[in-house]
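J.: Right, I'll just put the structure down here and ask away after.
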There are 2 protein chains.
Amino acid sequence: MNGLKNQILQAVHTDLADIEGALTANLTTEVNFVSKVAGHILFSGGKRLRPLLMVLCARMCGYRGDYAATFSIIFEYLHVATLLHDDLVDDAQKRRGQPAAHTVWGRESAVLTGDFLLARALSIASRTNDMRIIRSIAEITENMAQGEIHQIQKKGDITLSESEYRDVIRRKTAVLFQGACRVSAFLANAPESMEKALADYGYHLGMAFQMADDLLDYTQDSQTLGKICGADLREGKLTLPVIHALNSASPIDRSAMIQIILNPSFSEDEFQHLVALLDQYGSITYTHHCADVHILAAKTAMMSFNDSPSRDILLKIADYAVKRKN
Amino acid sequence: MNGLKNQILQAVHTDLADIEGALTANLTTEVNFVSKVAGHILFSGGKRLRPLLMVLCARMCGYRGDYAATFSIIFEYLHVATLLHDDLVDDAQKRRGQPAAHTVWGRESAVLTGDFLLARALSIASRTNDMRIIRSIAEITENMAQGEIHQIQKKGDITLSESEYRDVIRRKTAVLFQGACRVSAFLANAPESMEKALADYGYHLGMAFQMADDLLDYTQDSQTLGKICGADLREGKLTLPVIHALNSASPIDRSAMIQIILNPSFSEDEFQHLVALLDQYGSITYTHHCADVHILAAKTAMMSFNDSPSRDILLKIADYAVKRKN
């Protein structure tokens with residue numbers, strides 16, 4: 001597992017350095033405070049997965065220009081903007097092991113710095129002179145907002161179906177991954193078949209990534225995770241493991257689960273009891289399986305490209321997405 | 001005064017109807033709740049001034065296409081998105097005489113619906129296929145976020161200078177007016193000289209509009225205003241009348257003013273005492289004068305255009321901007 005992570009990191013070392021450089025270089029503002037708040041979350045150890053996907057996909061499509069790293073950060077800015085807004089929405093206290101921005105600088109600053117990052121992402125995108133890229137950004141942002149709102153509406157709703165869950169994670173996560181990959185094809189002026197294959201890869205990777213993320217809440221300790229365990233459930237967010245278990249459990253176990261779910265201040269023991277039930281009803285395994293199915297589809301989409309070092313890393317990233325521990 | 005308003009409304013009756021139609025037609029979403037929250041603030045009696053400016057300016061530039069109303073709503077969506085985020089920032093309880101969106105549906109929905117409207121504005125803008133328009137939107141959004149953050153940082157800061165105040169209102173208000181006017185020139189493929197004249201008109205109109213708005217807090221009763229009187233000051237927002245008075249008052253009056261300003265729960269009597277001091281030191285008159293200077297500049301910018309019914313209305317709007325009562 002760590003071997004896989006190291007292989008990826010070694011191969012993309014220079015790209016990650018370029019991305020970091022671009023993230024800093026484009027964060028200049030006339031109001032210094034904005035850079036400070038944005039920098040707090042932007043430079044707190046993010047994986048840079050979304051920009052990295054764009055850089056690798058662009059290279060695989062034959063892009064040889066100098067601006068892949070610059071344009072790739074559009075997707076990190078968009079991502080961080082939504083983190084700022086979402087943490088506030090969830091009133092999350094921690095993010096990436098650090099206090100969440102709104103707990104340090106107030107809700108106001110978090111909202112407005114998010115807005116600023118959205119705007120800056122758009123400003124960078126406009127330099128591509130490619131309206132398809134602008135359209136992608138509009139589509140991504142609309143979807144992310146709608147997905148997040150849908151999730152809020154369904155908070156604590158134990159009737160949330162698996163298909164509703166899939167629709168939520170598609171909007172709030174997969175669409176951004178898909179966009180980062182698809183836009184690289186626009187940048188490289190690649191044929192439509194490549195654009196479609198990359199969109200498929202990004203979509204399935206994003207779906208699997210979010211499912212794996214939702215699993216971590218039930219399988220990892222708080223320290224590894226960098227945020228409080230069972231946090232999703234405390235916020236009333238029902239994710240696939242719980243949805244599956246609710247649909248599979250005996251009436252007695254189902255009642256026990258619902259009692260825990262509907263009480264946001266459940267104890268550690270109650271949480272462990274719930275995790276045991278998820279395990280018993282095969283819900284952890286089922287969620288792993290669903291994520292694996294998406295990873296297989298992501299890798300299949302890659303098969304339409306010739307073998308190359310970039311493709312190799314993109315395949316490894318797909319494997320890593322469902323095996324990571326934080 | 002009412003005569004002026006009626007003259008404007010009569011002349012733009014059809015345009016306003018087209019704008020309303022476009023605002024509704026473009027608010028379709030897959031998550032119905034989003035339309036509902038957006039609609040609450042969007043259809044609560046806004047003046048539609050920003051889209052109207054775009055429609056009129058485009059016509060004055062010779063635009064004869066069918067899409068002025070559609071593209072003009074970009075600026076109402078942007079405006080409403082910032083209202084949603086700002087009301088939350090200020091924790092304002094009322095907006096346009098209605099309960100503010102976040103007090104009805106929660107902060108989360110207000111933030112995310114704002115994000116959605118920003119994205120939808122961008123999506124509509126992308127249909128223009130004009131990257132200059134996209135760049136304008138990025139610039140507007142960056143500026144608005146920075147202006148608002150700057151204002152928050154300076155909350156309750158009695159050393160705020162007039163030039164800082166001018167910078168804040170430029171970013172948070174004038175840049176959007178300027179953008180609405182400038183973009184019409186892009187849409188009409190007008191020469192650069194027209195673009196610059198329209199940008200000047202919009203900028204000065206926006207500055208005057210905000211100064212007039214800031215005055216209302218000290219000159220109008222709550223009922224006419226549709227929100228609580230003295231609200232700016234209770235939030236710690238120092239605007240031009242107060243800044244001017246602090247710089248002009250005797251040490252004793254200055255202390256009295258500072259005492260009121262620094263106590264957000266000042267009484268109605270204290271507020272009336274402050275208003276009397278603003279009056280005594282000519283600060284109301286001074287702010288009116290500053291707004292008038294901008295209106296003169298706005299109207300001067302219009303003089304580079306030939307006489308036309310659209311220009312006539314734009315001139316009347318300039319007069320109205322500083323004479324309105326809400």
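All residue names refer to the structure tokens as shown: chains lettered A, B, ... in order, residues numbered from 1 in each chain, ligands numbered from 1 in order.
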If the cut-off is 9 Å, can you tell me the residues of chain A near chain B, counting only C-alpha atoms? I'd like them as an NGL selection string.

T.: :A and (29-31 or 33-34 or 85-86 or 88-90 or 107-109 or 111-124 or 126-127 or 129-132 or 134-150 or 152-153)

J.: For A:Asp279, find every residue with an atom within 12 Å (counting only C-alpha atoms), except residues of its own chain fewer than 5 positions away, and show them as a short mmCIF file (atom, residue, chain, number, x, y, z; two decimals) with N, CA and C atoms, in the first residue's frame.

T.:
```cif
data_model
loop_
_atom_site.label_atom_id
_atom_site.label_comp_id
_atom_site.auth_asym_id
_atom_site.auth_seq_id
_atom_site.Cartn_x
_atom_site.Cartn_y
_atom_site.Cartn_z
N LEU A 215 -16.18 5.41 3.55
CA LEU A 215 -15.82 4.22 4.33
C LEU A 215 -14.88 4.56 5.47
N TYR A 218 -15.80 4.90 9.00
CA TYR A 218 -16.17 3.72 9.79
C TYR A 218 -15.02 2.76 10.01
N THR A 219 -13.92 2.99 9.29
CA THR A 219 -12.84 2.00 9.36
C THR A 219 -11.54 2.55 9.92
N PRO A 241 -22.28 2.71 3.44
CA PRO A 241 -22.26 1.59 4.39
C PRO A 241 -23.54 1.56 5.24
N VAL A 242 -23.96 2.70 5.72
CA VAL A 242 -25.15 2.75 6.58
C VAL A 242 -26.42 2.48 5.78
N HIS A 244 -26.73 0.70 3.11
CA HIS A 244 -26.78 -0.73 2.82
C HIS A 244 -27.21 -1.52 4.05
N ALA A 245 -26.64 -1.20 5.20
CA ALA A 245 -26.96 -1.94 6.42
C ALA A 245 -28.43 -1.76 6.80
N SER A 248 -30.48 -4.03 4.89
CA SER A 248 -30.19 -5.47 5.00
C SER A 248 -30.49 -6.03 6.39
N ALA A 249 -30.54 -5.16 7.38
CA ALA A 249 -30.57 -5.64 8.77
C ALA A 249 -31.92 -6.22 9.16
N GLN A 272 -19.19 2.03 18.04
CA GLN A 272 -18.52 0.74 17.77
C GLN A 272 -19.56 -0.36 17.54
N HIS A 273 -20.66 -0.28 18.22
CA HIS A 273 -21.73 -1.25 18.01
C HIS A 273 -22.27 -1.13 16.57
N LEU A 274 -22.44 0.12 16.15
CA LEU A 274 -22.92 0.35 14.78
C LEU A 274 -21.93 -0.21 13.77
N ILE A 284 -19.67 -2.97 4.88
CA ILE A 284 -18.32 -2.46 4.61
C ILE A 284 -17.81 -3.13 3.31
N THR A 285 -17.97 -4.43 3.26
CA THR A 285 -17.55 -5.19 2.08
C THR A 285 -18.29 -4.72 0.84
N TYR A 286 -19.60 -4.51 0.99
CA TYR A 286 -20.41 -4.08 -0.15
C TYR A 286 -19.91 -2.74 -0.68
N THR A 287 -19.62 -1.80 0.23
CA THR A 287 -19.16 -0.48 -0.19
C THR A 287 -17.80 -0.59 -0.89
N HIS A 288 -16.91 -1.41 -0.31
CA HIS A 288 -15.62 -1.68 -0.98
C HIS A 288 -15.87 -2.20 -2.39
#
```

J.: What would chain B look like once superposed on chain A, with the fit done by least squares over all C-alpha atoms paired in order? Give it as a tab-separated table (two decimals) with C-alpha atoms, in the first residue's frame.

T.:
```
chain	number	residue	atom	x	y	z
B	1	MET	CA	-0.01	-0.02	-0.02
B	2	ASN	CA	2.65	2.48	1.05
B	3	GLY	CA	4.68	1.10	-1.83
B	4	LEU	CA	1.94	2.21	-4.24
B	5	LYS	CA	1.75	5.67	-2.72
B	6	ASN	CA	5.52	6.03	-2.89
B	7	GLN	CA	5.64	4.91	-6.51
B	8	ILE	CA	3.06	7.54	-7.41
B	9	LEU	CA	4.74	10.30	-5.41
B	10	GLN	CA	8.12	9.52	-6.91
B	11	ALA	CA	6.77	9.63	-10.45
B	12	VAL	CA	4.88	12.91	-10.00
B	13	HIS	CA	7.42	14.66	-7.81
B	14	THR	CA	8.20	17.41	-10.34
B	15	ASP	CA	4.55	17.86	-11.29
B	16	LEU	CA	3.57	18.32	-7.66
B	17	ALA	CA	6.30	20.91	-7.21
B	18	ASP	CA	5.03	22.78	-10.28
B	19	ILE	CA	1.49	22.63	-8.94
B	20	GLU	CA	2.58	23.99	-5.55
B	21	GLY	CA	4.42	26.79	-7.29
B	22	ALA	CA	1.38	27.70	-9.35
B	23	LEU	CA	-0.92	27.58	-6.30
B	24	THR	CA	1.27	30.14	-4.54
B	25	ALA	CA	1.99	32.32	-7.56
B	26	ASN	CA	-1.70	32.78	-8.35
B	27	LEU	CA	-2.82	33.61	-4.84
B	28	THR	CA	-1.77	37.24	-4.93
B	29	THR	CA	-4.52	39.57	-3.74
B	30	GLU	CA	-4.80	43.23	-2.93
B	31	VAL	CA	-6.42	42.38	0.39
B	32	ASN	CA	-3.66	40.41	2.17
B	33	PHE	CA	-6.07	38.84	4.60
B	34	VAL	CA	-7.70	36.94	1.72
B	35	SER	CA	-4.41	35.23	0.83
B	36	LYS	CA	-3.93	34.39	4.47
B	37	VAL	CA	-7.29	32.65	4.93
B	38	ALA	CA	-7.05	30.94	1.55
B	39	GLY	CA	-3.47	29.91	2.26
B	40	HIS	CA	-4.42	28.37	5.61
B	41	ILE	CA	-6.53	25.69	3.98
B	42	LEU	CA	-4.73	25.64	0.63
B	43	PHE	CA	-1.37	24.80	2.16
B	44	SER	CA	-2.42	22.42	4.92
B	45	GLY	CA	-1.36	19.22	3.25
B	46	GLY	CA	-3.85	18.59	0.47
B	47	LYS	CA	-3.11	15.72	-1.89
B	48	ARG	CA	-3.38	17.94	-5.00
B	49	LEU	CA	-5.09	15.01	-6.62
B	50	ARG	CA	-7.38	17.06	-8.87
B	51	PRO	CA	-4.66	19.23	-10.41
B	52	LEU	CA	-2.42	16.20	-10.70
B	53	LEU	CA	-5.11	14.37	-12.66
B	54	MET	CA	-5.31	17.27	-15.07
B	55	VAL	CA	-1.57	17.48	-15.58
B	56	LEU	CA	-1.22	13.74	-16.16
B	57	CYS	CA	-4.25	13.51	-18.45
B	58	ALA	CA	-3.08	16.49	-20.48
B	59	ARG	CA	0.33	14.89	-20.95
B	60	MET	CA	-1.28	11.61	-21.96
B	61	CYS	CA	-3.29	13.53	-24.59
B	62	GLY	CA	-0.08	14.93	-26.02
B	63	TYR	CA	-0.20	18.42	-24.50
B	64	ARG	CA	3.30	19.88	-24.65
B	65	GLY	CA	2.62	23.48	-23.59
B	66	ASP	CA	3.93	25.23	-20.49
B	67	TYR	CA	0.64	25.89	-18.79
B	68	ALA	CA	-0.62	22.53	-17.56
B	69	ALA	CA	0.35	23.24	-13.94
B	70	THR	CA	-1.11	26.75	-14.05
B	71	PHE	CA	-4.42	25.63	-15.48
B	72	SER	CA	-4.54	22.56	-13.28
B	73	ILE	CA	-4.82	24.64	-10.11
B	74	ILE	CA	-8.26	25.77	-11.26
B	75	PHE	CA	-9.44	22.47	-9.85
B	76	GLU	CA	-7.64	22.82	-6.54
B	77	TYR	CA	-9.05	26.33	-6.07
B	78	LEU	CA	-12.54	25.06	-6.86
B	79	HIS	CA	-12.03	22.16	-4.48
B	80	VAL	CA	-10.76	24.34	-1.65
B	81	ALA	CA	-13.54	26.89	-2.22
B	82	THR	CA	-16.11	24.16	-1.70
B	83	LEU	CA	-14.23	22.86	1.36
B	84	LEU	CA	-14.45	26.34	2.87
B	85	HIS	CA	-18.16	26.53	2.20
B	86	ASP	CA	-18.83	22.93	3.21
B	87	ASP	CA	-16.92	23.07	6.48
B	88	LEU	CA	-19.01	26.05	7.40
B	89	VAL	CA	-22.15	24.25	6.32
B	90	ASP	CA	-21.26	21.21	8.38
B	91	ASP	CA	-19.79	23.35	11.15
B	92	ALA	CA	-16.84	20.96	11.00
B	93	GLN	CA	-14.19	21.81	13.58
B	94	LYS	CA	-11.25	20.23	11.84
B	95	ARG	CA	-9.96	19.85	8.31
B	96	ARG	CA	-6.76	18.04	7.35
B	97	GLY	CA	-5.86	17.86	11.04
B	98	GLN	CA	-5.99	21.67	11.37
B	99	PRO	CA	-8.75	23.83	12.88
B	100	ALA	CA	-11.26	24.62	10.10
B	101	ALA	CA	-10.87	28.12	8.63
B	102	HIS	CA	-14.22	29.43	9.88
B	103	THR	CA	-13.34	28.48	13.46
B	104	VAL	CA	-10.19	30.62	13.21
B	105	TRP	CA	-11.37	33.61	11.15
B	106	GLY	CA	-15.15	33.41	11.37
B	107	ARG	CA	-17.85	32.26	9.00
B	108	GLU	CA	-17.77	35.49	7.04
B	109	SER	CA	-14.16	35.14	6.03
B	110	ALA	CA	-14.63	31.49	5.12
B	111	VAL	CA	-17.61	32.23	2.85
B	112	LEU	CA	-15.99	35.18	1.14
B	113	THR	CA	-12.58	33.57	0.74
B	114	GLY	CA	-14.39	30.66	-0.90
B	115	ASP	CA	-16.04	33.14	-3.26
B	116	PHE	CA	-12.69	34.69	-3.98
B	117	LEU	CA	-11.14	31.32	-4.86
B	118	LEU	CA	-14.04	30.50	-7.18
B	119	ALA	CA	-13.50	33.82	-8.91
B	120	ARG	CA	-9.75	33.32	-9.13
B	121	ALA	CA	-10.29	29.84	-10.61
B	122	LEU	CA	-12.51	31.43	-13.24
B	123	SER	CA	-9.98	34.14	-13.92
B	124	ILE	CA	-7.25	31.57	-14.56
B	125	ALA	CA	-9.63	29.54	-16.71
B	126	SER	CA	-10.38	32.57	-18.86
B	127	ARG	CA	-6.70	32.63	-19.85
B	128	THR	CA	-7.22	29.37	-21.73
B	129	ASN	CA	-9.42	31.26	-24.19
B	130	ASP	CA	-11.45	28.07	-24.44
B	131	MET	CA	-15.14	28.49	-23.76
B	132	ARG	CA	-15.56	24.74	-23.34
B	133	ILE	CA	-13.41	25.01	-20.23
B	134	ILE	CA	-15.55	27.84	-18.87
B	135	ARG	CA	-18.67	25.77	-19.49
B	136	SER	CA	-17.13	22.87	-17.61
B	137	ILE	CA	-16.43	25.08	-14.63
B	138	ALA	CA	-19.97	26.42	-14.60
B	139	GLU	CA	-21.33	22.88	-14.78
B	140	ILE	CA	-19.02	21.65	-12.02
B	141	THR	CA	-19.93	24.51	-9.69
B	142	GLU	CA	-23.66	24.18	-10.29
B	143	ASN	CA	-23.49	20.48	-9.61
B	144	MET	CA	-21.40	20.79	-6.49
B	145	ALA	CA	-23.77	23.34	-4.96
B	146	GLN	CA	-26.82	21.25	-5.83
B	147	GLY	CA	-25.24	18.04	-4.55
B	148	GLU	CA	-24.33	19.62	-1.25
B	149	ILE	CA	-27.80	21.14	-0.84
B	150	HIS	CA	-29.39	17.81	-1.64
B	151	GLN	CA	-27.23	16.21	1.03
B	152	ILE	CA	-28.25	18.83	3.58
B	153	GLN	CA	-31.90	18.33	2.79
B	154	LYS	CA	-31.53	14.63	3.39
B	155	LYS	CA	-29.68	15.01	6.68
B	156	GLY	CA	-30.85	12.44	9.19
B	157	ASP	CA	-33.29	11.00	6.65
B	158	ILE	CA	-33.09	7.25	7.19
B	159	THR	CA	-35.07	6.62	3.99
B	160	LEU	CA	-32.23	7.94	1.79
B	161	SER	CA	-31.86	5.45	-1.04
B	162	GLU	CA	-28.67	4.15	-2.57
B	163	SER	CA	-29.52	5.85	-5.84
B	164	GLU	CA	-30.02	9.21	-4.13
B	165	TYR	CA	-26.69	8.70	-2.38
B	166	ARG	CA	-25.04	7.98	-5.72
B	167	ASP	CA	-26.56	11.12	-7.19
B	168	VAL	CA	-25.27	13.23	-4.29
B	169	ILE	CA	-21.69	11.96	-4.51
B	170	ARG	CA	-21.74	12.26	-8.30
B	171	ARG	CA	-22.55	15.94	-8.00
B	172	LYS	CA	-20.44	16.83	-5.02
B	173	THR	CA	-17.32	14.85	-5.89
B	174	ALA	CA	-17.28	12.94	-9.18
B	175	VAL	CA	-18.20	15.91	-11.37
B	176	LEU	CA	-15.08	17.78	-10.26
B	177	PHE	CA	-12.79	14.81	-10.92
B	178	GLN	CA	-14.50	14.35	-14.26
B	179	GLY	CA	-14.05	18.04	-15.07
B	180	ALA	CA	-10.34	18.02	-14.21
B	181	CYS	CA	-9.77	15.09	-16.56
B	182	ARG	CA	-12.05	16.30	-19.36
B	183	VAL	CA	-10.61	19.82	-19.40
B	184	SER	CA	-7.14	18.39	-20.04
B	185	ALA	CA	-8.49	17.05	-23.34
B	186	PHE	CA	-9.72	20.53	-24.27
B	187	LEU	CA	-6.35	22.00	-23.35
B	188	ALA	CA	-4.55	19.45	-25.51
B	189	ASN	CA	-7.06	19.82	-28.35
B	190	ALA	CA	-7.53	16.07	-28.16
B	191	PRO	CA	-10.21	14.30	-30.22
B	192	GLU	CA	-13.68	13.84	-28.73
B	193	SER	CA	-13.10	10.13	-28.15
B	194	MET	CA	-10.24	10.96	-25.79
B	195	GLU	CA	-12.34	13.60	-24.06
B	196	LYS	CA	-15.06	11.03	-23.44
B	197	ALA	CA	-12.62	8.39	-22.19
B	198	LEU	CA	-11.06	10.88	-19.79
B	199	ALA	CA	-14.48	12.03	-18.60
B	200	ASP	CA	-15.35	8.38	-17.90
B	201	TYR	CA	-12.09	7.82	-16.05
B	202	GLY	CA	-12.60	10.94	-13.93
B	203	TYR	CA	-16.23	10.20	-13.17
B	204	HIS	CA	-15.60	6.63	-12.01
B	205	LEU	CA	-12.48	7.61	-10.09
B	206	GLY	CA	-14.46	10.34	-8.31
B	207	MET	CA	-17.30	7.99	-7.41
B	208	ALA	CA	-14.86	5.42	-6.03
B	209	PHE	CA	-12.86	8.09	-4.23
B	210	GLN	CA	-15.94	9.38	-2.41
B	211	MET	CA	-17.14	5.89	-1.50
B	212	ALA	CA	-13.68	5.12	-0.10
B	213	ASP	CA	-13.80	8.43	1.76
B	214	ASP	CA	-17.17	7.60	3.24
B	215	LEU	CA	-15.82	4.22	4.33
B	216	LEU	CA	-12.92	5.81	6.21
B	217	ASP	CA	-15.39	7.27	8.67
B	218	TYR	CA	-16.17	3.71	9.78
B	219	THR	CA	-12.84	1.98	9.35
B	220	GLN	CA	-10.17	4.44	10.50
B	221	ASP	CA	-9.26	5.95	13.85
B	222	SER	CA	-9.48	9.73	14.28
B	223	GLN	CA	-5.75	10.30	14.34
B	224	THR	CA	-5.07	8.70	10.96
B	225	LEU	CA	-8.11	10.49	9.54
B	226	GLY	CA	-7.20	13.97	10.78
B	227	LYS	CA	-10.81	14.57	11.79
B	228	ILE	CA	-13.28	13.16	14.30
B	229	CYS	CA	-14.44	9.58	13.70
B	230	GLY	CA	-18.11	9.05	12.97
B	231	ALA	CA	-18.28	12.72	12.00
B	232	ASP	CA	-20.50	12.04	8.98
B	233	LEU	CA	-23.09	10.32	11.13
B	234	ARG	CA	-23.00	12.97	13.83
B	235	GLU	CA	-23.86	15.47	11.10
B	236	GLY	CA	-26.72	13.24	9.99
B	237	LYS	CA	-24.96	12.30	6.75
B	238	LEU	CA	-25.98	8.81	5.71
B	239	THR	CA	-23.46	7.20	3.42
B	240	LEU	CA	-23.38	3.92	1.56
B	241	PRO	CA	-22.25	1.60	4.40
B	242	VAL	CA	-25.15	2.76	6.58
B	243	ILE	CA	-27.68	2.83	3.74
B	244	HIS	CA	-26.77	-0.73	2.83
B	245	ALA	CA	-26.96	-1.93	6.43
B	246	LEU	CA	-30.35	-0.28	7.01
B	247	ASN	CA	-31.65	-2.13	3.95
B	248	SER	CA	-30.18	-5.48	5.00
B	249	ALA	CA	-30.56	-5.64	8.76
B	250	SER	CA	-33.12	-7.57	10.79
B	251	PRO	CA	-35.90	-5.39	12.26
B	252	ILE	CA	-34.27	-5.49	15.70
B	253	ASP	CA	-30.80	-4.53	14.45
B	254	ARG	CA	-32.36	-1.93	12.17
B	255	SER	CA	-34.09	-0.29	15.16
B	256	ALA	CA	-30.86	-0.33	17.13
B	257	MET	CA	-29.04	1.34	14.23
B	258	ILE	CA	-31.74	3.98	13.76
B	259	GLN	CA	-31.60	4.82	17.45
B	260	ILE	CA	-27.87	5.51	17.17
B	261	ILE	CA	-28.20	7.40	13.88
B	262	LEU	CA	-30.93	9.70	15.16
B	263	ASN	CA	-28.92	10.65	18.25
B	264	PRO	CA	-26.07	12.91	17.11
B	265	SER	CA	-24.37	12.65	20.51
B	266	PHE	CA	-24.03	8.85	20.39
B	267	SER	CA	-21.27	7.40	22.56
B	268	GLU	CA	-18.07	5.77	21.35
B	269	ASP	CA	-19.52	2.40	22.43
B	270	GLU	CA	-22.67	2.97	20.44
B	271	PHE	CA	-20.59	3.94	17.44
B	272	GLN	CA	-18.53	0.76	17.76
B	273	HIS	CA	-21.75	-1.24	17.99
B	274	LEU	CA	-22.93	0.36	14.77
B	275	VAL	CA	-19.62	-0.42	13.07
B	276	ALA	CA	-19.95	-4.04	14.20
B	277	LEU	CA	-23.41	-4.17	12.61
B	278	LEU	CA	-22.09	-2.66	9.37
B	279	ASP	CA	-19.51	-5.41	9.38
B	280	GLN	CA	-21.99	-8.14	10.26
B	281	TYR	CA	-24.32	-7.22	7.38
B	282	GLY	CA	-21.49	-7.04	4.89
B	283	SER	CA	-22.00	-3.31	4.38
B	284	ILE	CA	-18.32	-2.45	4.60
B	285	THR	CA	-17.54	-5.20	2.10
B	286	TYR	CA	-20.40	-4.08	-0.13
B	287	THR	CA	-19.15	-0.48	-0.20
B	288	HIS	CA	-15.62	-1.67	-0.98
B	289	HIS	CA	-17.10	-3.74	-3.78
B	290	CYS	CA	-19.04	-0.78	-5.24
B	291	ALA	CA	-15.90	1.36	-5.15
B	292	ASP	CA	-13.95	-1.43	-6.84
B	293	VAL	CA	-16.53	-1.64	-9.63
B	294	HIS	CA	-16.02	2.06	-10.33
B	295	ILE	CA	-12.24	1.65	-10.24
B	296	LEU	CA	-12.48	-1.15	-12.76
B	297	ALA	CA	-14.56	1.10	-15.01
B	298	ALA	CA	-12.04	3.93	-14.57
B	299	LYS	CA	-9.18	1.66	-15.56
B	300	THR	CA	-11.13	0.26	-18.49
B	301	ALA	CA	-11.61	3.82	-19.81
B	302	MET	CA	-7.82	4.21	-19.73
B	303	MET	CA	-7.41	1.22	-22.04
B	304	SER	CA	-8.32	3.34	-25.07
B	305	PHE	CA	-5.01	5.20	-24.59
B	306	ASN	CA	-1.63	3.86	-25.61
B	307	ASP	CA	0.67	2.68	-22.88
B	308	SER	CA	2.72	5.57	-21.45
B	309	PRO	CA	4.26	6.60	-18.13
B	310	SER	CA	1.35	9.01	-17.55
B	311	ARG	CA	-1.23	6.31	-18.16
B	312	ASP	CA	0.65	4.05	-15.79
B	313	ILE	CA	0.43	6.62	-13.00
B	314	LEU	CA	-3.25	7.27	-13.70
B	315	LEU	CA	-3.88	3.55	-13.33
B	316	LYS	CA	-1.91	3.48	-10.08
B	317	ILE	CA	-3.89	6.49	-8.81
B	318	ALA	CA	-7.07	4.54	-9.46
B	319	ASP	CA	-5.78	1.69	-7.32
B	320	TYR	CA	-4.63	4.05	-4.62
B	321	ALA	CA	-7.96	5.92	-4.48
B	322	VAL	CA	-9.68	2.96	-2.84
B	323	LYS	CA	-6.78	1.82	-0.71
B	324	ARG	CA	-5.73	5.03	1.01
B	325	LYS	CA	-6.03	5.50	4.75
B	326	ASN	CA	-6.77	9.26	4.85
```

J.: Just the helix (DSSP H, G or I) stuff from stretch 25-242 of chain B, please, per backbone DSSP, written as a count of residues only.

T.: 161
